[in-house]
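S.K.: Dropping a structure here in structure tokens format, bear with me for questions.
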Amino acid sequence: MTVITRETRTPAEEPPVPIDERVSFRGPIQRLLVRPEIGALIGTTAVWIFFWALSDVFGTAAGTANYLDVAAILGIMAVAVSLLMIGGEFDLSSGSMTGATAMLVILLSKDVGEFGGAGLSLFIAVPLSFAFAMMIGWFNGTLVDKTRLPSFIVTLGTFFILIGAKLSFSKLFSGQVVVEGLNEADGYEFWSRIFAAAWVRNDHLWEDRDVAWTILLIAGAACVVIGVLELSYRRATQRNAKGLIGAAIGAVVAGAGFYGLLNGEGVGRNVVNALILGVGVLVAVLGWAMWRFAPLGRRGAVTFDNGTGLLTLLGLVAGAVGVIVAIVLNPDSESPVGLLVSDSFSRALFAAGLGIAGLVAILVAAGKLPIWTPLVGIAVSAIPAVGYLMTQQGARAIIFVGLALAGLIALLVAGRRAAATSASAGLVIELLTAIVVAGLAFFIRSESTSAKFRAELFTVMLLIALALACSALLGYLFDTRTGPDATADARGQRAAVVGIVLLVVATALQMLYTTAAENETASGVIRYRISILWFILFAAFGTWLLLRTQFGNWIFAVGGNKEAARAEGVPASRTKTTLFMIVSGAGWLAGMLIAFRLNSVQANVGDGEEFEYIIAAVVGGNLLTGGYGSAAGGAIGSLIMSMSTQGIPFAGWNTNWRFLFLGVILLLAVIANNYVRNKAAQSK
Amino acid sequence: MTETVTSTPVPAPSDDAQPLLEVRNLCKYYGNVIALNGITTTVRAGQVTCVLGDNGAGKSTFIKIFAGVHQPSDGDVLLDGQLVKFSSPREALDQGIATVYQDLAVVPLMSVWRNFWLGDEPRKGFGPFRRIDIAKAKRVAKEELGKLGIDIRDTEQPVGTLSGGERQSVAIARASYRGARVLILDEPTSALGVKQSGVVLKYVVEAARRNLGVIFITHNPHHAYPVGDRFLILNRGQSMGNFAKEEITQDELTALMAGGAELRALQNELQAQLRDRSIRLDV
């Protein structure tokens, strides 16, 4: 193999800093992957895209308000339960705790004589119910600590006590299993502003919203790009001012293209403006990199090993097959796709497959057959089952998306492998990938009738293609970082965080404000409840507490190795009891949000939901056995769960499917988290 | 902590000075099991007191009493001549008694710096905003480990990914940094290779030179004799003797440790076996 070497480094360049040879460099992606909540974040994105594609409402402000509303209460509890789980304990009474405090505050504030109410002002009743919650938390914690019984059993006891108390007291005082009339209590005005206020989007008009949104979006994207570049490429010792000029020119050209796109009419002109925009961005990014980063010394020849070549070919073939399937299958057919031969044959196949799977499983358990053999039977029965459930339309979408994604992943992997040996080979494959993405974008646009796909997905895919092209050229022209650089790390992270905040603010503006034009076509009132704000505040508090405070360090320690923590002087009993009190405190907050929103509370509110909190915490990357996890993960887990449960009716499916969906998500999340955690442990 | 040996004149350890830590007739019972019976020894500042014994001799129970994990059933513990009773590890730590346990007392899933500072995290800010000073925590942890000759790659990495010697060094560096007056090391060399054991032994001497009282638990007399000033030998909960270095040789120490008579019996048995084999080889 001949290697073309072009030495572009100037001799004046600084001698390389001695690097600890045991430290392998971690790029921005590996850096992200060691976070416990990253699996859940990817899952959230996947679930969001899934329901965005299936439903017209899910991605809009109305859908967002809907699933955030569910996520809020679940999330407040999931954050607290995550902290407790990291501390190594469970609280099964947390679900019925929400209903208990909600009911208590109503009973305390009702008139004297009426159903035995205490007739207290809410200014007393609300703090009193908080005190009650603290007491239950203290009781749980102390009992677990003193008896050394598993918290599972102790809090199961509290769970039944709370359920019994709720039912009996509500029956005793009101004669029914519901207490109501919180809005008649003294001080209701004041407290309902804290626990039940809402932001009505339809009342908040802002005509220039989209201008602000666009500016924030562009600024945010620019910051993220700058941050990622800083983390990825090696800084040059001498900056090249020419690059900065290039970046400025590129930015102006991109701006002109963007302006043209906004104000232009007609397809032809749009294409020209889009091209100007794309070239402008490319020039700007390359100019910026030329200003800051060291050029690559050795680029190598365009050669790749057999594996890489095969992977590239596979990627291209998968994409092509996907496109052919999409063209061949009828996009409008609602008829089932899988009844290949006849109805009775399919049924027989289904029954036979199921029977074989069961029989084979017994033989596997007896040690007669290898472990994977039941899968054959499952596959045999799945073919007619899936065929019966799926329409031609659905099969077409699934096969196309699946093959296109598989092809792109193969190409991306091939590109990385090629770039590792030769920058030139990497450039070829990565540019090829960008072209494939752009091609798929145009194909989707030509095939789809939905505005969502024709406009939004098309634009996003073209931007991805542009980003891939930029990344390909950057990898070819500049030297990738392989060593630690604290300054670059700090700068890059700061820029990326600022960028992400700007993007979040931009999205929030779209969701919170409306325009007169949008209001006219709106079909209903969109309300964001204050519980969402409480959720965000509580998740931020939990994350700060866990990662930044002494108490947070103790939570990790008592969950990871209680005896070690105690020997080092950590007050383990106090830490655990405080954690139980945080959970019951969160239960109180959720209870207040429920009570003030509904003004009446059923005795069974919250019962059984403790498992949903635990699922959200586990999906969010918390280790069931304690010592590892993140509070933010619990919040993200609750987002996945609420998106799933709310997205299913939006997609027009029977809501009973949600349990099946939740089960699958739970399993996938746990497996993914386990995999990521093992990977993280290996990357020393 | 930053004092070096040259800048601090270390008073010559003398048996006339008041001992830092002293136990008299210490007993510990678990129900009807006698774990320790009538143990007496002293720990002086700037000296290493070795506690030797085979498995199950009661070494761990002995040090857990100083560490505040267990309370003695009978007998006195004196710190600076004052009678003391530790009801929790926190109290022992506050009195300047730091312990490095055999099971290391580190939390494997937590990062190096979080383990280093566990229970005594440096903090900044006021009132409800008090938080860990993470920059300082990481910097000091790296520095202190560096002083032990362990260059930790990244203080963010979980302790579970470190080697046994590195874990040990995290625990030792932590105990010494906490401003301990008495440093208890529970079998610090038992899980280590030859070279790493040497490093740890050097650190034991270094700690004593900084005028700390060191209690060094081991079942290896070859590790104990070179560094120790006083030897307490335990066997099945009983004291087999409490000697100053000049009162005992290394061979005597080894013999005592295994329970002299038993070792002689073992030697005879081995020799008999060897004789048998040589006879068979001759044939």
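Scheme for the structure tokens: letters A, B, ... for chains in order shown; per-chain residue numbers from 1; ligand numbers from 1 in order shown.
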Within 6 Å of region 559-576 of chain A, counting only C-alpha atoms, which residues show up once you throw out same-chain ones fewer than 2 positions away? Write them as a VMD selection string, please.
M.R.: (chain A and resid 86 to 88 556 to 557 578 to 579 626 to 627) or (chain B and resid 89 to 90 105 to 107 119)
S.K.: Write the residues of the selection above to a file with N, CA, C and O atoms, as a short mmCIF file (atom, residue, chain, number, x, y, z; two decimals), in the first residue's frame.
M.R.:
```
data_model
loop_
_atom_site.label_atom_id
_atom_site.label_comp_id
_atom_site.auth_asym_id
_atom_site.auth_seq_id
_atom_site.Cartn_x
_atom_site.Cartn_y
_atom_site.Cartn_z
N ILE A 86 -30.98 5.39 44.28
CA ILE A 86 -29.52 5.50 44.29
C ILE A 86 -29.02 5.27 45.71
O ILE A 86 -27.97 4.67 45.92
N GLY A 87 -29.82 5.72 46.69
CA GLY A 87 -29.47 5.48 48.09
C GLY A 87 -29.73 4.05 48.53
O GLY A 87 -29.55 3.72 49.69
N GLY A 88 -30.21 3.20 47.60
CA GLY A 88 -30.31 1.78 47.88
C GLY A 88 -31.63 1.32 48.47
O GLY A 88 -31.70 0.22 49.00
N PHE A 556 -24.92 8.54 47.09
CA PHE A 556 -24.18 7.54 46.30
C PHE A 556 -23.52 6.52 47.22
O PHE A 556 -23.53 5.32 46.97
N ALA A 557 -22.91 7.04 48.30
CA ALA A 557 -22.12 6.18 49.17
C ALA A 557 -22.99 5.17 49.92
O ALA A 557 -22.66 3.98 49.94
N THR A 578 -33.52 10.78 55.60
CA THR A 578 -33.79 12.01 54.86
C THR A 578 -34.30 11.68 53.46
O THR A 578 -35.20 12.35 52.95
N LEU A 579 -33.75 10.64 52.83
CA LEU A 579 -34.19 10.27 51.49
C LEU A 579 -35.66 9.86 51.50
O LEU A 579 -36.44 10.25 50.62
N GLY A 626 -28.95 0.25 43.62
CA GLY A 626 -28.42 1.42 44.31
C GLY A 626 -26.99 1.75 43.94
O GLY A 626 -26.26 0.96 43.35
N GLY A 627 -26.58 2.98 44.31
CA GLY A 627 -25.20 3.40 44.13
C GLY A 627 -24.87 4.02 42.80
O GLY A 627 -23.75 4.52 42.62
N PRO B 89 -18.03 5.42 64.29
CA PRO B 89 -16.81 5.72 63.54
C PRO B 89 -16.53 7.22 63.47
O PRO B 89 -15.39 7.66 63.48
N ARG B 90 -17.61 8.01 63.41
CA ARG B 90 -17.47 9.46 63.34
C ARG B 90 -16.69 9.98 64.55
O ARG B 90 -15.80 10.80 64.43
N ALA B 105 -13.10 -0.20 52.35
CA ALA B 105 -14.01 0.88 52.67
C ALA B 105 -14.10 1.92 51.56
O ALA B 105 -14.18 3.11 51.81
N VAL B 106 -14.02 1.46 50.33
CA VAL B 106 -14.30 2.37 49.22
C VAL B 106 -15.60 1.93 48.56
O VAL B 106 -16.02 0.79 48.72
N VAL B 107 -16.24 2.87 47.87
CA VAL B 107 -17.47 2.57 47.17
C VAL B 107 -17.12 2.40 45.70
O VAL B 107 -16.77 3.37 45.04
N GLY B 119 -17.45 11.63 53.30
CA GLY B 119 -17.70 11.91 54.71
C GLY B 119 -17.10 13.22 55.19
O GLY B 119 -17.43 13.70 56.27
#
```
S.K.: Need to verify the contact set: Asn55 (chain B), 12 Å, only C-alpha atoms, exclusion of same-chain residues closer than 5 positions in sequence. Can you return it as a VMD selection string?
M.R.: chain B and resid 60 to 61 187 190 217 to 220 234 to 237 257 to 258
S.K.: Put those residues in a file: all heavy atoms, as an mmCIF file, in the first residue's frame.
M.R.:
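The new file again-v8.cif reads:
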```
data_model
loop_
_atom_site.group_PDB
_atom_site.id
_atom_site.type_symbol
_atom_site.label_atom_id
_atom_site.label_comp_id
_atom_site.auth_asym_id
_atom_site.auth_seq_id
_atom_site.Cartn_x
_atom_site.Cartn_y
_atom_site.Cartn_z
ATOM 1 N N SER B 60 -9.018 -8.146 63.335
ATOM 2 C CA SER B 60 -10.004 -7.198 62.821
ATOM 3 C C SER B 60 -10.898 -6.675 63.930
ATOM 4 O O SER B 60 -11.204 -5.482 63.989
ATOM 5 C CB SER B 60 -10.838 -7.852 61.728
ATOM 6 O OG SER B 60 -10.032 -8.052 60.596
ATOM 7 N N THR B 61 -11.305 -7.566 64.848
ATOM 8 C CA THR B 61 -12.126 -7.137 65.981
ATOM 9 C C THR B 61 -11.369 -6.095 66.806
ATOM 10 O O THR B 61 -11.917 -5.076 67.217
ATOM 11 C CB THR B 61 -12.472 -8.341 66.874
ATOM 12 O OG1 THR B 61 -13.034 -9.349 66.058
ATOM 13 C CG2 THR B 61 -13.436 -7.947 67.958
ATOM 14 N N GLU B 187 -4.312 -5.029 57.287
ATOM 15 C CA GLU B 187 -3.757 -5.876 56.244
ATOM 16 C C GLU B 187 -3.588 -5.135 54.914
ATOM 17 O O GLU B 187 -4.128 -5.561 53.901
ATOM 18 C CB GLU B 187 -4.669 -7.096 56.032
ATOM 19 C CG GLU B 187 -4.927 -7.822 57.321
ATOM 20 C CD GLU B 187 -4.694 -9.316 57.210
ATOM 21 O OE1 GLU B 187 -4.211 -9.739 56.162
ATOM 22 O OE2 GLU B 187 -4.983 -10.015 58.175
ATOM 23 N N SER B 190 -1.925 -7.416 52.111
ATOM 24 C CA SER B 190 -2.287 -8.821 51.891
ATOM 25 C C SER B 190 -2.716 -9.083 50.449
ATOM 26 O O SER B 190 -2.536 -10.187 49.951
ATOM 27 C CB SER B 190 -3.392 -9.239 52.849
ATOM 28 O OG SER B 190 -4.567 -8.524 52.557
ATOM 29 N N ILE B 217 -1.689 -3.923 60.922
ATOM 30 C CA ILE B 217 -2.184 -5.283 61.100
ATOM 31 C C ILE B 217 -1.676 -6.111 59.928
ATOM 32 O O ILE B 217 -1.781 -5.700 58.779
ATOM 33 C CB ILE B 217 -3.730 -5.340 61.048
ATOM 34 C CG1 ILE B 217 -4.341 -4.166 61.758
ATOM 35 C CG2 ILE B 217 -4.238 -6.673 61.532
ATOM 36 C CD1 ILE B 217 -4.229 -4.184 63.202
ATOM 37 N N THR B 218 -1.146 -7.288 60.205
ATOM 38 C CA THR B 218 -0.690 -8.142 59.110
ATOM 39 C C THR B 218 -0.568 -9.569 59.612
ATOM 40 O O THR B 218 -0.524 -9.830 60.811
ATOM 41 C CB THR B 218 0.667 -7.646 58.565
ATOM 42 O OG1 THR B 218 1.071 -8.493 57.503
ATOM 43 C CG2 THR B 218 1.737 -7.661 59.629
ATOM 44 N N HIS B 219 -0.550 -10.527 58.683
ATOM 45 C CA HIS B 219 -0.221 -11.890 59.096
ATOM 46 C C HIS B 219 1.143 -12.283 58.511
ATOM 47 O O HIS B 219 1.502 -13.433 58.478
ATOM 48 C CB HIS B 219 -1.315 -12.888 58.700
ATOM 49 C CG HIS B 219 -1.648 -12.885 57.238
ATOM 50 N ND1 HIS B 219 -2.919 -12.635 56.779
ATOM 51 C CD2 HIS B 219 -0.878 -13.069 56.163
ATOM 52 C CE1 HIS B 219 -2.908 -12.685 55.468
ATOM 53 N NE2 HIS B 219 -1.684 -12.946 55.064
ATOM 54 N N ASN B 220 1.879 -11.281 58.019
ATOM 55 C CA ASN B 220 3.158 -11.546 57.396
ATOM 56 C C ASN B 220 4.284 -10.937 58.232
ATOM 57 O O ASN B 220 4.522 -9.728 58.191
ATOM 58 C CB ASN B 220 3.166 -10.953 55.989
ATOM 59 C CG ASN B 220 4.377 -11.387 55.201
ATOM 60 O OD1 ASN B 220 5.397 -11.791 55.792
ATOM 61 N ND2 ASN B 220 4.279 -11.309 53.895
ATOM 62 N N LEU B 234 -1.345 -12.044 68.352
ATOM 63 C CA LEU B 234 -2.632 -12.591 68.769
ATOM 64 C C LEU B 234 -2.782 -13.997 68.223
ATOM 65 O O LEU B 234 -2.335 -14.303 67.121
ATOM 66 C CB LEU B 234 -3.779 -11.724 68.220
ATOM 67 C CG LEU B 234 -3.877 -10.283 68.702
ATOM 68 C CD1 LEU B 234 -5.073 -9.599 68.047
ATOM 69 C CD2 LEU B 234 -4.026 -10.241 70.206
ATOM 70 N N ASN B 235 -3.420 -14.841 69.017
ATOM 71 C CA ASN B 235 -3.769 -16.159 68.528
ATOM 72 C C ASN B 235 -5.082 -16.572 69.157
ATOM 73 O O ASN B 235 -5.203 -16.673 70.368
ATOM 74 C CB ASN B 235 -2.667 -17.174 68.871
ATOM 75 C CG ASN B 235 -2.888 -18.504 68.162
ATOM 76 O OD1 ASN B 235 -3.612 -18.556 67.162
ATOM 77 N ND2 ASN B 235 -2.284 -19.550 68.690
ATOM 78 N N ARG B 236 -6.087 -16.815 68.335
ATOM 79 C CA ARG B 236 -7.425 -17.229 68.776
ATOM 80 C C ARG B 236 -7.936 -16.330 69.899
ATOM 81 O O ARG B 236 -8.447 -16.800 70.910
ATOM 82 C CB ARG B 236 -7.387 -18.674 69.215
ATOM 83 C CG ARG B 236 -6.977 -19.611 68.068
ATOM 84 C CD ARG B 236 -6.574 -20.970 68.578
ATOM 85 N NE ARG B 236 -7.758 -21.718 68.984
ATOM 86 C CZ ARG B 236 -8.404 -22.566 68.188
ATOM 87 N NH1 ARG B 236 -7.990 -22.747 66.962
ATOM 88 N NH2 ARG B 236 -9.458 -23.209 68.603
ATOM 89 N N GLY B 237 -7.766 -15.024 69.737
ATOM 90 C CA GLY B 237 -8.314 -14.071 70.689
ATOM 91 C C GLY B 237 -7.445 -13.832 71.906
ATOM 92 O O GLY B 237 -7.743 -12.973 72.740
ATOM 93 N N MET B 257 4.137 -16.429 66.083
ATOM 94 C CA MET B 257 2.917 -16.088 65.357
ATOM 95 C C MET B 257 2.120 -17.318 64.994
ATOM 96 O O MET B 257 0.913 -17.362 65.117
ATOM 97 C CB MET B 257 3.316 -15.348 64.096
ATOM 98 C CG MET B 257 2.345 -14.297 63.753
ATOM 99 S SD MET B 257 2.599 -13.887 62.062
ATOM 100 C CE MET B 257 1.236 -14.705 61.353
ATOM 101 N N ALA B 258 2.834 -18.337 64.532
ATOM 102 C CA ALA B 258 2.134 -19.551 64.121
ATOM 103 C C ALA B 258 1.839 -20.428 65.316
ATOM 104 O O ALA B 258 1.324 -21.532 65.166
ATOM 105 C CB ALA B 258 2.958 -20.292 63.095
#
```
S.K.: In region 306-523 of chain A, what's alpha helix (DSSP H) per DSSP? Answer as a PyMOL selection string?
M.R.: chain A and resi 306-328+343-365+374-389+392-421+423-447+451+458-477+486-512+516-521
S.K.: Lys242 (chain A): which residues within 12 Å, counting only C-alpha atoms, same-chain residues fewer than 3 positions away excluded, as a list in words?
M.R.: Gln238, Arg239, Ile245, Gly246, Ala247, Ala248, Ile249, Ala284, Leu286, Gly287, Trp288, Ala289, Met290, Trp291 and Arg292 of chain A
S.K.: Give the answer as one residue: which of A:Thr482, A:Thr514, A:Ser109, A:Asn263 has the shortest atom-to-atom distance to Arg234 (chain A), using only C-alpha atoms?
M.R.: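 The answer is A:Thr482, which sits nearest to Arg234 (chain A).
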S.K.: Name the residues in contact with Leu662 (chain A) at a cut-off of 12 Å, using only C-alpha atoms, excluding same-chain residues fewer than 4 positions from it; report them as a list in words.
M.R.: Val47, Phe611, Glu612, Ile615, Ala616, Val619, Gly637, Ser638, Ile640, Met641, Ser642, Met643, Ser644, Thr645, Gln646, Gly647, Ile648, Thr655, Asn656, Trp657, Arg658, Leu666, Leu667, Leu668 and Ala669 of chain A
S.K.: For chain A, work out the contacting residues on chain B at 8 Å, counting only C-alpha atoms, and write them as a PyMOL selection string.
M.R.: chain B and resi 67+69+89-90+93+104-110+114+118-121+123+130-132+134+153+157-158+161
S.K.: Under the rule of at most 12 Å, produce a per-residue listing of region 159-247 of chain B near region 71-83 of chain B: chain, number, name, the closest pair of atoms, and the distance in Å, as a Markdown table, using only C-alpha atoms.
M.R.:
```
| residue | atom | partner | partner_atom | distance |
| --- | --- | --- | --- | --- |
| B:Arg181 | CA | B:Leu79 | CA | 10.6 |
| B:Val182 | CA | B:Leu79 | CA | 10.0 |
| B:Gly213 | CA | B:Leu79 | CA | 11.4 |
```
S.K.: Would you put the residues from that selection into a file with all heavy atoms, as a PDB file, in the first residue's frame?
M.R.:
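Generated output (result.pdb):
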```pdb
ATOM      1  N   ARG B 181      -4.149  11.249  63.779  1.00  0.00           N
ATOM      2  CA  ARG B 181      -3.037  11.149  64.727  1.00  0.00           C
ATOM      3  C   ARG B 181      -2.643   9.690  64.852  1.00  0.00           C
ATOM      4  O   ARG B 181      -1.495   9.349  65.061  1.00  0.00           O
ATOM      5  CB  ARG B 181      -3.446  11.697  66.089  1.00  0.00           C
ATOM      6  CG  ARG B 181      -3.825  13.166  66.027  1.00  0.00           C
ATOM      7  CD  ARG B 181      -4.515  13.579  67.302  1.00  0.00           C
ATOM      8  NE  ARG B 181      -3.630  13.410  68.450  1.00  0.00           N
ATOM      9  CZ  ARG B 181      -4.064  13.151  69.682  1.00  0.00           C
ATOM     10  NH1 ARG B 181      -5.354  13.000  69.910  1.00  0.00           N
ATOM     11  NH2 ARG B 181      -3.228  13.036  70.672  1.00  0.00           N
ATOM     12  N   VAL B 182      -3.663   8.827  64.785  1.00  0.00           N
ATOM     13  CA  VAL B 182      -3.411   7.394  64.814  1.00  0.00           C
ATOM     14  C   VAL B 182      -3.936   6.824  63.503  1.00  0.00           C
ATOM     15  O   VAL B 182      -5.086   7.063  63.121  1.00  0.00           O
ATOM     16  CB  VAL B 182      -4.140   6.720  65.992  1.00  0.00           C
ATOM     17  CG1 VAL B 182      -3.867   5.229  65.985  1.00  0.00           C
ATOM     18  CG2 VAL B 182      -3.717   7.354  67.296  1.00  0.00           C
ATOM     19  N   GLY B 213       0.909   7.909  65.168  1.00  0.00           N
ATOM     20  CA  GLY B 213       0.972   6.573  65.735  1.00  0.00           C
ATOM     21  C   GLY B 213       0.349   5.627  64.721  1.00  0.00           C
ATOM     22  O   GLY B 213      -0.754   5.876  64.253  1.00  0.00           O
TER      23      GLY B 213
END
```
S.K.: Could you list, as number ranges by chain, every residue within 12 Å of region 198-200 of chain B, counting only C-alpha atoms and ignoring same-chain residues fewer than 2 positions away?
M.R.: B: 147-150, 164-173, 185-196, 202-207, 216, 222-224, 226-227
S.K.: Using DSSP on the backbone coordinates, identify all residues within region 248-424 of chain A classified as strand (DSSP E or B); present the result as a list in words.
M.R.: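 Those residues are Phe293, Pro295, Arg298, Pro336 and Thr391 of chain A.
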S.K.: Which residue out of A:Ile153, A:Val376, A:Gly175, A:Val225 has the minimum interatomic distance to Ile500 (chain A) when only C-alpha atoms are used?
M.R.: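 Looking at the shortest contact to Ile500 (chain A), the residue is A:Val225.
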S.K.: Under the rule that only C-alpha atoms are counted, which of A:Ser450, A:Ser94, A:Ser192, A:Ser121 is the nearest residue to Asn140 (chain A)?
M.R.: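 Closest candidate: A:Ser94.
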